[in-house]
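Note: the block below is work39.cif and it holds mmCIF, C-alpha atoms and all ligand atoms.
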data_data
loop_
_atom_site.group_PDB
_atom_site.id
_atom_site.type_symbol
_atom_site.label_atom_id
_atom_site.label_comp_id
_atom_site.auth_asym_id
_atom_site.auth_seq_id
_atom_site.Cartn_x
_atom_site.Cartn_y
_atom_site.Cartn_z
ATOM 1 C CA MET O 240 6.289 -10.809 20.422
ATOM 2 C CA ALA O 241 9.091 -9.477 18.301
ATOM 3 C CA ILE O 242 7.372 -10.104 15.026
ATOM 4 C CA ASP O 243 7.296 -6.808 13.162
ATOM 5 C CA ILE O 244 3.880 -5.809 11.968
ATOM 6 C CA ALA O 245 2.950 -2.897 9.720
ATOM 7 C CA PRO O 246 0.981 -0.030 11.281
ATOM 8 C CA LEU O 247 -2.770 -0.642 11.274
ATOM 9 C CA ARG O 248 -4.456 0.775 8.239
ATOM 10 C CA ILE O 249 -8.085 1.792 7.738
ATOM 11 C CA ASP O 250 -9.571 2.266 4.270
ATOM 12 C CA THR O 251 -12.742 4.249 3.646
ATOM 13 C CA LEU O 252 -14.938 2.317 1.220
ATOM 14 C CA LEU O 253 -18.302 4.094 1.322
ATOM 15 C CA THR O 254 -19.290 7.478 2.663
ATOM 16 C CA GLU O 255 -23.044 7.538 2.240
ATOM 17 C CA PRO O 256 -25.776 6.949 3.186
ATOM 18 C CA VAL O 257 -23.751 4.985 5.738
ATOM 19 C CA GLY O 258 -20.000 5.400 6.171
ATOM 20 C CA VAL O 259 -18.150 2.112 5.807
ATOM 21 C CA ASP O 260 -14.478 1.710 6.678
ATOM 22 C CA MET O 261 -12.359 -1.411 6.673
ATOM 23 C CA LEU O 262 -9.676 -2.203 9.218
ATOM 24 C CA ARG O 263 -7.023 -4.002 7.180
ATOM 25 C CA LEU O 264 -5.636 -6.650 9.498
ATOM 26 C CA ASP O 265 -4.802 -8.573 6.330
ATOM 27 C CA ALA O 266 -2.112 -5.970 5.637
ATOM 28 C CA ILE O 267 -0.156 -6.220 8.899
ATOM 29 C CA HIS O 268 2.096 -9.131 7.995
ATOM 30 C CA PRO O 269 2.630 -11.393 4.966
ATOM 31 C CA PHE O 270 2.459 -14.681 6.919
ATOM 32 C CA VAL O 271 1.224 -14.143 10.464
ATOM 33 C CA SER O 272 -2.040 -13.051 9.015
ATOM 34 C CA GLY O 273 -4.669 -10.779 10.452
ATOM 35 C CA ASN O 274 -6.289 -11.696 13.733
ATOM 36 C CA LYS O 275 -3.996 -14.719 14.165
ATOM 37 C CA TYR O 276 -1.104 -12.428 15.071
ATOM 38 C CA PHE O 277 -3.084 -11.074 18.032
ATOM 39 C CA LYS O 278 -4.248 -14.516 19.153
ATOM 40 C CA LEU O 279 -0.710 -15.928 19.059
ATOM 41 C CA LYS O 280 1.142 -12.976 20.525
ATOM 42 C CA TYR O 281 0.753 -13.693 24.260
ATOM 43 C CA ASN O 282 0.642 -17.448 23.760
ATOM 44 C CA ILE O 283 4.059 -17.453 22.123
ATOM 45 C CA ALA O 284 5.420 -15.111 24.792
ATOM 46 C CA ALA O 285 4.161 -17.533 27.463
ATOM 47 C CA ALA O 286 5.669 -20.531 25.668
ATOM 48 C CA LEU O 287 9.046 -18.803 25.406
ATOM 49 C CA GLU O 288 8.920 -17.704 29.014
ATOM 50 C CA GLN O 289 8.312 -21.204 30.262
ATOM 51 C CA GLY O 290 11.024 -22.598 28.008
ATOM 52 C CA ALA O 291 8.587 -24.796 26.083
ATOM 53 C CA SER O 292 10.113 -27.499 23.894
ATOM 54 C CA ALA O 293 7.591 -26.976 21.081
ATOM 55 C CA LEU O 294 4.279 -25.379 20.102
ATOM 56 C CA VAL O 295 1.468 -27.837 19.433
ATOM 57 C CA SER O 296 -1.900 -26.849 17.988
ATOM 58 C CA PHE O 297 -4.917 -27.969 15.996
ATOM 59 C CA GLY O 298 -6.575 -26.997 12.760
ATOM 60 C CA GLY O 299 -8.197 -27.991 9.509
ATOM 61 C CA ALA O 300 -6.161 -28.625 6.371
ATOM 62 C CA TYR O 301 -6.525 -24.982 5.265
ATOM 63 C CA SER O 302 -6.073 -23.504 8.722
ATOM 64 C CA ASN O 303 -4.927 -19.886 8.837
ATOM 65 C CA HIS O 304 -4.077 -20.511 12.475
ATOM 66 C CA LEU O 305 -1.636 -23.389 11.805
ATOM 67 C CA HIS O 306 -0.140 -21.434 8.923
ATOM 68 C CA ALA O 307 0.561 -18.372 11.103
ATOM 69 C CA LEU O 308 1.760 -20.499 13.994
ATOM 70 C CA ALA O 309 4.198 -22.469 11.824
ATOM 71 C CA TRP O 310 5.793 -19.270 10.566
ATOM 72 C CA ALA O 311 5.993 -17.659 14.006
ATOM 73 C CA ALA O 312 7.412 -20.774 15.686
ATOM 74 C CA ASN O 313 10.042 -21.018 12.986
ATOM 75 C CA LYS O 314 10.964 -17.383 13.500
ATOM 76 C CA TYR O 315 11.639 -18.133 17.186
ATOM 77 C CA GLY O 316 13.444 -21.385 16.492
ATOM 78 C CA LEU O 317 10.719 -23.309 18.303
ATOM 79 C CA PRO O 318 9.683 -26.674 16.864
ATOM 80 C CA SER O 319 5.995 -26.769 15.955
ATOM 81 C CA VAL O 320 3.497 -29.568 15.622
ATOM 82 C CA GLY O 321 0.198 -29.328 13.758
ATOM 83 C CA LEU O 322 -2.607 -31.773 14.466
ATOM 84 C CA VAL O 323 -4.645 -31.649 11.284
ATOM 85 C CA ARG O 324 -8.249 -32.787 11.010
ATOM 86 C CA GLY O 325 -8.986 -35.536 8.472
ATOM 87 C CA GLU O 326 -7.187 -37.729 5.963
ATOM 88 C CA PRO O 327 -3.604 -36.950 4.937
ATOM 89 C CA VAL O 328 -3.579 -34.394 2.110
ATOM 90 C CA ASN O 329 -1.266 -31.823 0.662
ATOM 91 C CA ASN O 330 -2.199 -28.296 -0.307
ATOM 92 C CA PRO O 331 -0.487 -24.895 -0.349
ATOM 93 C CA THR O 332 -1.294 -24.247 3.335
ATOM 94 C CA LEU O 333 0.248 -27.484 4.578
ATOM 95 C CA HIS O 334 3.103 -27.181 2.113
ATOM 96 C CA ASP O 335 4.077 -23.874 3.740
ATOM 97 C CA CYS O 336 3.638 -25.317 7.234
ATOM 98 C CA ARG O 337 6.044 -28.150 6.399
ATOM 99 C CA GLN O 338 8.430 -25.722 4.760
ATOM 100 C CA TRP O 339 8.569 -23.767 8.022
ATOM 101 C CA GLY O 340 9.411 -26.931 9.904
ATOM 102 C CA MET O 341 6.016 -27.860 11.281
ATOM 103 C CA GLN O 342 5.587 -31.552 11.942
ATOM 104 C CA LEU O 343 2.099 -32.627 10.853
ATOM 105 C CA HIS O 344 -0.067 -35.409 12.225
ATOM 106 C CA PHE O 345 -3.365 -36.133 10.527
ATOM 107 C CA VAL O 346 -6.056 -37.147 12.980
ATOM 108 C CA SER O 347 -9.371 -38.747 12.117
ATOM 109 C CA ARG O 348 -12.442 -36.555 12.410
ATOM 110 C CA SER O 349 -13.722 -38.598 15.350
ATOM 111 C CA ASP O 350 -10.413 -38.221 17.204
ATOM 112 C CA TYR O 351 -10.282 -34.555 16.335
ATOM 113 C CA ASN O 352 -13.598 -33.992 18.076
ATOM 114 C CA ASN O 353 -11.801 -34.721 21.360
ATOM 115 C CA LYS O 354 -9.543 -31.725 20.816
ATOM 116 C CA ARG O 355 -10.720 -30.084 24.037
ATOM 117 C CA GLU O 356 -10.837 -33.203 26.226
ATOM 118 C CA GLU O 357 -8.238 -33.380 28.957
ATOM 119 C CA ASP O 358 -7.382 -37.070 28.315
ATOM 120 C CA TYR O 359 -6.818 -36.477 24.661
ATOM 121 C CA LEU O 360 -4.606 -33.465 25.251
ATOM 122 C CA GLN O 361 -2.625 -35.443 27.826
ATOM 123 C CA ARG O 362 -1.792 -38.014 25.168
ATOM 124 C CA TRP O 363 -0.214 -35.376 22.933
ATOM 125 C CA GLN O 364 1.452 -33.770 25.896
ATOM 126 C CA ALA O 365 3.032 -37.160 26.696
ATOM 127 C CA GLN O 366 4.261 -37.469 23.123
ATOM 128 C CA TYR O 367 5.737 -33.945 23.224
ATOM 129 C CA PRO O 368 6.928 -33.425 26.791
ATOM 130 C CA ASN O 369 7.105 -29.823 27.895
ATOM 131 C CA ALA O 370 5.362 -28.623 24.726
ATOM 132 C CA TYR O 371 3.007 -25.631 24.907
ATOM 133 C CA LEU O 372 -0.467 -26.563 23.659
ATOM 134 C CA ILE O 373 -2.600 -23.922 21.963
ATOM 135 C CA PRO O 374 -6.252 -24.789 21.300
ATOM 136 C CA GLU O 375 -7.735 -24.721 17.809
ATOM 137 C CA GLY O 376 -7.860 -21.206 16.415
ATOM 138 C CA GLY O 377 -5.870 -19.789 19.346
ATOM 139 C CA ASP O 378 -9.080 -19.807 21.354
ATOM 140 C CA ASN O 379 -7.850 -19.421 24.948
ATOM 141 C CA GLU O 380 -7.537 -16.703 27.570
ATOM 142 C CA LEU O 381 -4.223 -15.375 26.204
ATOM 143 C CA GLY O 382 -5.655 -15.389 22.684
ATOM 144 C CA LEU O 383 -8.606 -13.353 23.900
ATOM 145 C CA GLN O 384 -6.318 -10.906 25.705
ATOM 146 C CA GLY O 385 -4.345 -10.376 22.508
ATOM 147 C CA CYS O 386 -7.560 -9.557 20.643
ATOM 148 C CA GLU O 387 -8.442 -6.923 23.222
ATOM 149 C CA HIS O 388 -5.480 -4.980 21.828
ATOM 150 C CA ILE O 389 -6.434 -5.078 18.146
ATOM 151 C CA LEU O 390 -8.043 -1.628 18.350
ATOM 152 C CA ASP O 391 -5.197 -0.009 20.317
ATOM 153 C CA GLY O 392 -4.426 3.361 18.782
ATOM 154 C CA ILE O 393 -7.607 3.478 16.687
ATOM 155 C CA ASP O 394 -10.167 6.209 17.338
ATOM 156 C CA THR O 395 -13.216 3.986 17.806
ATOM 157 C CA SER O 396 -15.324 6.894 19.066
ATOM 158 C CA VAL O 397 -16.196 7.809 15.471
ATOM 159 C CA TYR O 398 -17.929 4.472 14.809
ATOM 160 C CA GLN O 399 -21.430 3.437 15.877
ATOM 161 C CA HIS O 400 -20.932 -0.145 14.642
ATOM 162 C CA LEU O 401 -18.107 -2.641 14.285
ATOM 163 C CA VAL O 402 -18.545 -5.872 12.329
ATOM 164 C CA CYS O 403 -16.331 -8.963 12.409
ATOM 165 C CA ALA O 404 -16.579 -12.586 11.233
ATOM 166 C CA VAL O 405 -16.979 -15.225 13.931
ATOM 167 C CA GLY O 406 -15.230 -18.606 13.953
ATOM 168 C CA THR O 407 -14.426 -19.544 17.542
ATOM 169 C CA GLY O 408 -15.528 -16.008 18.503
ATOM 170 C CA THR O 409 -12.256 -15.168 20.283
ATOM 171 C CA THR O 410 -11.495 -12.245 18.009
ATOM 172 C CA PHE O 411 -15.025 -10.909 18.189
ATOM 173 C CA ALA O 412 -15.102 -11.167 21.986
ATOM 174 C CA GLY O 413 -11.784 -9.314 22.305
ATOM 175 C CA LEU O 414 -13.018 -6.560 19.996
ATOM 176 C CA ALA O 415 -16.401 -6.262 21.751
ATOM 177 C CA ARG O 416 -14.679 -6.043 25.135
ATOM 178 C CA SER O 417 -12.483 -3.170 24.027
ATOM 179 C CA LEU O 418 -15.102 -0.970 22.309
ATOM 180 C CA PRO O 419 -16.445 2.230 23.848
ATOM 181 C CA GLU O 420 -20.091 2.313 24.961
ATOM 182 C CA THR O 421 -21.049 4.295 21.873
ATOM 183 C CA CYS O 422 -20.205 1.448 19.492
ATOM 184 C CA MET O 423 -22.209 -1.712 18.899
ATOM 185 C CA ALA O 424 -20.341 -4.926 17.933
ATOM 186 C CA TRP O 425 -21.896 -7.231 15.326
ATOM 187 C CA GLY O 426 -20.671 -10.786 14.819
ATOM 188 C CA VAL O 427 -21.159 -12.682 11.567
ATOM 189 C CA PRO O 428 -21.061 -16.466 12.053
ATOM 190 C CA VAL O 429 -19.535 -18.343 9.109
ATOM 191 C CA PHE O 430 -20.796 -21.811 9.948
ATOM 192 C CA LYS O 431 -24.216 -23.273 10.574
ATOM 193 C CA HIS O 432 -24.411 -24.607 14.114
ATOM 194 C CA HIS O 433 -23.359 -21.615 16.112
ATOM 195 C CA ASN O 434 -25.471 -21.783 19.251
ATOM 196 C CA PRO O 435 -22.566 -23.035 21.427
ATOM 197 C CA ILE O 436 -20.502 -20.074 20.206
ATOM 198 C CA LEU O 437 -23.302 -17.684 21.130
ATOM 199 C CA ASP O 438 -23.372 -19.176 24.624
ATOM 200 C CA SER O 439 -19.612 -18.855 25.027
ATOM 201 C CA LEU O 440 -19.744 -15.247 23.818
ATOM 202 C CA ARG O 441 -22.329 -14.412 26.484
ATOM 203 C CA GLU O 442 -19.729 -15.509 29.018
ATOM 204 C CA LYS O 443 -16.802 -13.773 27.386
ATOM 205 C CA ILE O 444 -18.406 -10.369 26.768
ATOM 206 C CA PRO O 445 -19.370 -8.579 29.995
ATOM 207 C CA HIS O 446 -21.920 -6.203 28.421
ATOM 208 C CA SER O 447 -24.848 -6.404 26.014
ATOM 209 C CA ARG O 448 -23.782 -3.979 23.296
ATOM 210 C CA TRP O 449 -23.312 -6.686 20.722
ATOM 211 C CA GLY O 450 -25.458 -8.645 18.340
ATOM 212 C CA TRP O 451 -25.522 -11.202 15.597
ATOM 213 C CA LEU O 452 -25.942 -10.820 11.855
ATOM 214 C CA GLY O 453 -26.988 -14.365 10.983
ATOM 215 C CA GLY O 454 -28.014 -15.950 7.696
ATOM 216 C CA TYR O 455 -24.782 -15.313 5.783
ATOM 217 C CA GLU O 456 -23.209 -18.746 6.317
ATOM 218 C CA ASP O 457 -23.731 -19.404 2.579
ATOM 219 C CA GLY O 458 -24.266 -23.133 3.084
ATOM 220 C CA GLY O 459 -21.759 -23.547 5.903
ATOM 221 C CA PHE O 460 -18.082 -23.365 6.755
ATOM 222 C CA GLY O 461 -15.844 -23.210 3.681
ATOM 223 C CA LYS O 462 -18.847 -23.167 1.341
ATOM 224 C CA TYR O 463 -18.924 -20.460 -1.268
ATOM 225 C CA SER O 464 -21.855 -20.097 -3.659
ATOM 226 C CA VAL O 465 -21.697 -18.735 -7.177
ATOM 227 C CA ALA O 466 -24.005 -15.910 -6.077
ATOM 228 C CA LEU O 467 -21.561 -14.825 -3.379
ATOM 229 C CA GLN O 468 -18.572 -15.281 -5.702
ATOM 230 C CA GLU O 469 -20.144 -12.739 -8.045
ATOM 231 C CA LYS O 470 -20.729 -10.219 -5.289
ATOM 232 C CA VAL O 471 -17.184 -10.662 -3.982
ATOM 233 C CA ALA O 472 -15.725 -10.104 -7.455
ATOM 234 C CA THR O 473 -17.652 -6.820 -7.649
ATOM 235 C CA TRP O 474 -16.485 -5.588 -4.239
ATOM 236 C CA GLU O 475 -12.881 -6.639 -4.848
ATOM 237 C CA GLY O 476 -12.924 -4.820 -8.175
ATOM 238 C CA ALA O 477 -14.507 -1.653 -6.769
ATOM 239 C CA TRP O 478 -12.304 -1.426 -3.684
ATOM 240 C CA GLY O 479 -9.082 -3.017 -4.888
ATOM 241 C CA ILE O 480 -9.038 -5.248 -1.808
ATOM 242 C CA GLU O 481 -8.826 -9.030 -1.863
ATOM 243 C CA LEU O 482 -11.283 -10.705 0.530
ATOM 244 C CA ASP O 483 -10.776 -14.070 2.142
ATOM 245 C CA ARG O 484 -13.590 -16.379 1.043
ATOM 246 C CA VAL O 485 -14.127 -18.261 4.290
ATOM 247 C CA TYR O 486 -14.612 -15.353 6.680
ATOM 248 C CA THR O 487 -14.287 -11.813 5.383
ATOM 249 C CA ALA O 488 -16.373 -12.309 2.232
ATOM 250 C CA LYS O 489 -19.350 -13.412 4.350
ATOM 251 C CA MET O 490 -18.811 -10.580 6.808
ATOM 252 C CA VAL O 491 -18.863 -8.005 3.985
ATOM 253 C CA TRP O 492 -21.975 -9.625 2.557
ATOM 254 C CA ALA O 493 -23.692 -9.274 5.943
ATOM 255 C CA VAL O 494 -22.759 -5.585 6.112
ATOM 256 C CA MET O 495 -24.021 -4.834 2.615
ATOM 257 C CA GLU O 496 -27.329 -6.621 3.203
ATOM 258 C CA SER O 497 -27.758 -5.051 6.617
ATOM 259 C CA MET O 498 -27.635 -1.626 5.037
ATOM 260 C CA ASP O 499 -30.667 -2.495 2.999
ATOM 261 C CA LYS O 500 -32.348 -3.766 6.159
ATOM 262 C CA GLU O 501 -31.555 -0.571 8.032
ATOM 263 C CA VAL O 502 -29.516 -2.173 10.781
ATOM 264 C CA PHE O 503 -27.255 0.810 10.194
ATOM 265 C CA ASN O 504 -28.819 4.262 9.907
ATOM 266 C CA ALA O 505 -27.971 7.081 7.507
ATOM 267 C CA GLY O 506 -25.112 9.190 8.783
ATOM 268 C CA GLU O 507 -23.646 6.425 10.949
ATOM 269 C CA ARG O 508 -20.205 4.920 10.512
ATOM 270 C CA VAL O 509 -19.403 1.240 10.410
ATOM 271 C CA LEU O 510 -15.965 -0.340 10.856
ATOM 272 C CA MET O 511 -15.634 -3.714 9.127
ATOM 273 C CA VAL O 512 -12.698 -5.848 10.231
ATOM 274 C CA HIS O 513 -10.772 -7.631 7.471
ATOM 275 C CA THR O 514 -9.317 -10.477 9.526
ATOM 276 C CA GLY O 515 -6.802 -11.637 6.902
ATOM 277 C CA GLY O 516 -6.575 -15.278 5.845
ATOM 278 C CA LEU O 517 -5.724 -14.597 2.202
ATOM 279 C CA GLN O 518 -3.361 -17.587 2.096
ATOM 280 C CA GLY O 519 -6.496 -19.752 2.031
ATOM 281 C CA ASN O 520 -7.591 -18.175 -1.260
ATOM 282 C CA ARG O 521 -4.983 -20.258 -3.067
ATOM 283 C CA VAL O 522 -7.522 -23.064 -3.087
ATOM 284 C CA GLN O 523 -10.767 -23.007 -5.063
ATOM 285 C CA LEU O 524 -13.883 -23.158 -2.905
ATOM 286 C CA ARG O 525 -17.368 -24.154 -3.971
HETATM 287 C C1 LIG O 601 -9.474 -17.614 12.246
HETATM 288 C C2 LIG O 601 -10.132 -16.545 11.428
HETATM 289 C C3 LIG O 601 -11.311 -15.900 11.845
HETATM 290 C C4 LIG O 601 -12.075 -16.332 13.059
HETATM 291 O O1 LIG O 601 -11.521 -15.902 14.247
HETATM 292 P P1 LIG O 601 -12.123 -16.429 15.607
HETATM 293 O O2 LIG O 601 -11.355 -15.694 16.636
HETATM 294 O O3 LIG O 601 -11.868 -17.902 15.678
HETATM 295 O O4 LIG O 601 -13.571 -16.149 15.634
HETATM 296 C C5 LIG O 601 -11.803 -14.874 11.069
HETATM 297 N N1 LIG O 601 -11.197 -14.505 9.932
HETATM 298 C C6 LIG O 601 -10.080 -15.117 9.479
HETATM 299 C C7 LIG O 601 -9.500 -14.671 8.187
HETATM 300 C C8 LIG O 601 -9.512 -16.148 10.220
HETATM 301 O O5 LIG O 601 -8.415 -16.746 9.752
#

Show how you would write the structure in this file as structure tokens.
Amino acid sequence: MAIDIAPLRIDTLLTEPVGVDMLRLDAIHPFVSGNKYFKLKYNIAAALEQGASALVSFGGAYSNHLHALAWAANKYGLPSVGLVRGEPVNNPTLHDCRQWGMQLHFVSRSDYNNKREEDYLQRWQAQYPNAYLIPEGGDNELGLQGCEHILDGIDTSVYQHLVCAVGTGTTFAGLARSLPETCMAWGVPVFKHHNPILDSLREKIPHSRWGWLGGYEDGGFGKYSVALQEKVATWEGAWGIELDRVYTAKMVWAVMESMDKEVFNAGERVLMVHTGGLQGNRVQLR
């Protein structure tokens, strides 16, 4: 994909007792944020190659995925269509999407639950003939392949642990698949009912050097307690790095608590992945 991204940057945040670095995917591009660049990369290439008439995808009203996709489609002169869960609303995310030419359809929550059913997808395909459909969150084989390249050019041999937030798990699976045997991958789920994701990860990751840091959902997806807000303000102040509230804040919380629980041992190094998504911070969460 000919979208220019900045070179990957790693910041060292703590050096002892455990070394903690952060991979700043948030800093690679102002709009095609973080992991979404990697999930879209091969999907957009495939759409262009097959001469698709449009890109169609799914997301919530604050979706980082739709936001990145709208910008990228616009850059390539491809029409884009966003199927948005829930009642019609406006917010900064959807405002940008519209600005970049994305056509939005709001679909009821019950309809939206069919987002992976063949019949349902056929209906949208009929409405947008020859469009290229990307599942919610870019969660398909090409999305996964893109995520296997996130760590290209990074010396992962110096880390014993890598930690990343888990939504659909595509990013985490790609990372886990590309790590050397000396590094353990830890996923941090950001919503409550994550057993189906765990099952899908068992299929996507062909080894067992990965685990789960659970209990940091903070009430569920998009929920953000006062207690966590206070911690995040402290970390942001100390490190000078803005954290996205939906994913990265919970991931950092899991890392900090896991140090106290000795998941990581003194002298080891941990790479946290900042997956981007800062556009979503324009809205107050509770
Ligand atoms: C979409 C997103 C994730 C989750 O990625 P998955 O591949 O769906 O697990 C994590 N962090 C941010 C900032 C995101 O926008």

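Between Val257 of chain O and the residues O:Tyr398, O:Ile444, O:Gly376, O:Tyr486, the shortest atom-to-atom distance, using only C-alpha atoms, involves O:Tyr398.
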
What separation in Å, quoted to one decimal, exists between atom CA of Leu401 of chain O and atom CA of Met511 of chain O? 5.8 Å

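Distance-wise, atom CA of Ile249 of chain O and atom CA of Ile436 of chain O end up 28.1 Å apart.
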
Can you translate the PyMOL selection byres (((chain O and resi 269) around 10) and not hetatm) into the concrete residues it hits in this file, as a ChimeraX atom specification? /O:244-245,265-268,270-273,307,515,517-518

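Of the residues listed (O:Leu322, O:Leu372, O:Val509, O:Ala300), O:Leu372 shows the shortest atom-to-atom separation from Glu357 of chain O; distances use all atoms listed in the file.
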
Could all heavy atoms be built for segment 445-453 of chain O and written out as an mmCIF file, keeping the file's coordinate frame?
data_model
loop_
_atom_site.group_PDB
_atom_site.id
_atom_site.type_symbol
_atom_site.label_atom_id
_atom_site.label_comp_id
_atom_site.auth_asym_id
_atom_site.auth_seq_id
_atom_site.Cartn_x
_atom_site.Cartn_y
_atom_site.Cartn_z
ATOM 1 N N PRO O 445 -18.686 -8.976 28.764
ATOM 2 C CA PRO O 445 -19.370 -8.579 29.995
ATOM 3 C C PRO O 445 -20.387 -7.446 29.816
ATOM 4 O O PRO O 445 -20.692 -6.752 30.777
ATOM 5 C CB PRO O 445 -18.202 -8.124 30.882
ATOM 6 C CG PRO O 445 -17.195 -7.596 29.922
ATOM 7 C CD PRO O 445 -17.353 -8.383 28.650
ATOM 8 N N HIS O 446 -20.891 -7.226 28.617
ATOM 9 C CA HIS O 446 -21.920 -6.203 28.421
ATOM 10 C C HIS O 446 -22.857 -6.695 27.325
ATOM 11 O O HIS O 446 -22.637 -7.783 26.761
ATOM 12 C CB HIS O 446 -21.295 -4.848 28.056
ATOM 13 C CG HIS O 446 -20.475 -4.879 26.803
ATOM 14 N ND1 HIS O 446 -21.022 -4.995 25.548
ATOM 15 C CD2 HIS O 446 -19.125 -4.838 26.596
ATOM 16 C CE1 HIS O 446 -20.068 -5.004 24.640
ATOM 17 N NE2 HIS O 446 -18.903 -4.925 25.255
ATOM 18 N N SER O 447 -23.883 -5.912 27.013
ATOM 19 C CA SER O 447 -24.848 -6.404 26.014
ATOM 20 C C SER O 447 -24.869 -5.559 24.745
ATOM 21 O O SER O 447 -25.830 -5.630 23.974
ATOM 22 C CB SER O 447 -26.234 -6.457 26.643
ATOM 23 O OG SER O 447 -26.525 -5.189 27.178
ATOM 24 N N ARG O 448 -23.797 -4.803 24.506
ATOM 25 C CA ARG O 448 -23.782 -3.979 23.296
ATOM 26 C C ARG O 448 -23.200 -4.756 22.116
ATOM 27 O O ARG O 448 -22.234 -4.336 21.484
ATOM 28 C CB ARG O 448 -22.981 -2.694 23.555
ATOM 29 C CG ARG O 448 -23.603 -1.811 24.624
ATOM 30 C CD ARG O 448 -22.802 -0.555 24.831
ATOM 31 N NE ARG O 448 -21.372 -0.818 24.982
ATOM 32 C CZ ARG O 448 -20.782 -1.166 26.125
ATOM 33 N NH1 ARG O 448 -21.472 -1.314 27.218
ATOM 34 N NH2 ARG O 448 -19.481 -1.377 26.160
ATOM 35 N N TRP O 449 -23.750 -5.899 21.872
ATOM 36 C CA TRP O 449 -23.312 -6.686 20.722
ATOM 37 C C TRP O 449 -24.479 -7.503 20.190
ATOM 38 O O TRP O 449 -25.456 -7.721 20.896
ATOM 39 C CB TRP O 449 -22.134 -7.585 21.088
ATOM 40 C CG TRP O 449 -22.409 -8.605 22.157
ATOM 41 C CD1 TRP O 449 -22.391 -8.374 23.509
ATOM 42 C CD2 TRP O 449 -22.725 -9.988 21.991
ATOM 43 N NE1 TRP O 449 -22.685 -9.538 24.176
ATOM 44 C CE2 TRP O 449 -22.883 -10.549 23.266
ATOM 45 C CE3 TRP O 449 -22.872 -10.820 20.860
ATOM 46 C CZ2 TRP O 449 -23.196 -11.889 23.469
ATOM 47 C CZ3 TRP O 449 -23.187 -12.159 21.050
ATOM 48 C CH2 TRP O 449 -23.341 -12.684 22.359
ATOM 49 N N GLY O 450 -24.379 -7.885 18.957
ATOM 50 C CA GLY O 450 -25.458 -8.645 18.340
ATOM 51 C C GLY O 450 -24.912 -9.526 17.234
ATOM 52 O O GLY O 450 -23.699 -9.629 17.033
ATOM 53 N N TRP O 451 -25.814 -10.126 16.517
ATOM 54 C CA TRP O 451 -25.522 -11.202 15.597
ATOM 55 C C TRP O 451 -26.119 -10.869 14.252
ATOM 56 O O TRP O 451 -27.309 -10.525 14.187
ATOM 57 C CB TRP O 451 -26.243 -12.400 16.179
ATOM 58 C CG TRP O 451 -25.650 -13.739 16.110
ATOM 59 C CD1 TRP O 451 -26.326 -14.873 15.785
ATOM 60 C CD2 TRP O 451 -24.333 -14.141 16.429
ATOM 61 N NE1 TRP O 451 -25.484 -15.944 15.882
ATOM 62 C CE2 TRP O 451 -24.247 -15.528 16.260
ATOM 63 C CE3 TRP O 451 -23.163 -13.455 16.813
ATOM 64 C CZ2 TRP O 451 -23.076 -16.244 16.469
ATOM 65 C CZ3 TRP O 451 -22.007 -14.157 17.024
ATOM 66 C CH2 TRP O 451 -21.981 -15.542 16.864
ATOM 67 N N LEU O 452 -25.368 -10.932 13.194
ATOM 68 C CA LEU O 452 -25.942 -10.820 11.855
ATOM 69 C C LEU O 452 -25.898 -12.220 11.258
ATOM 70 O O LEU O 452 -24.868 -12.646 10.736
ATOM 71 C CB LEU O 452 -25.149 -9.812 11.003
ATOM 72 C CG LEU O 452 -25.062 -8.374 11.547
ATOM 73 C CD1 LEU O 452 -24.149 -7.508 10.656
ATOM 74 C CD2 LEU O 452 -26.440 -7.732 11.647
ATOM 75 N N GLY O 453 -26.952 -12.967 11.419
ATOM 76 C CA GLY O 453 -26.988 -14.365 10.983
ATOM 77 C C GLY O 453 -27.605 -14.511 9.605
ATOM 78 O O GLY O 453 -28.223 -13.586 9.080
#
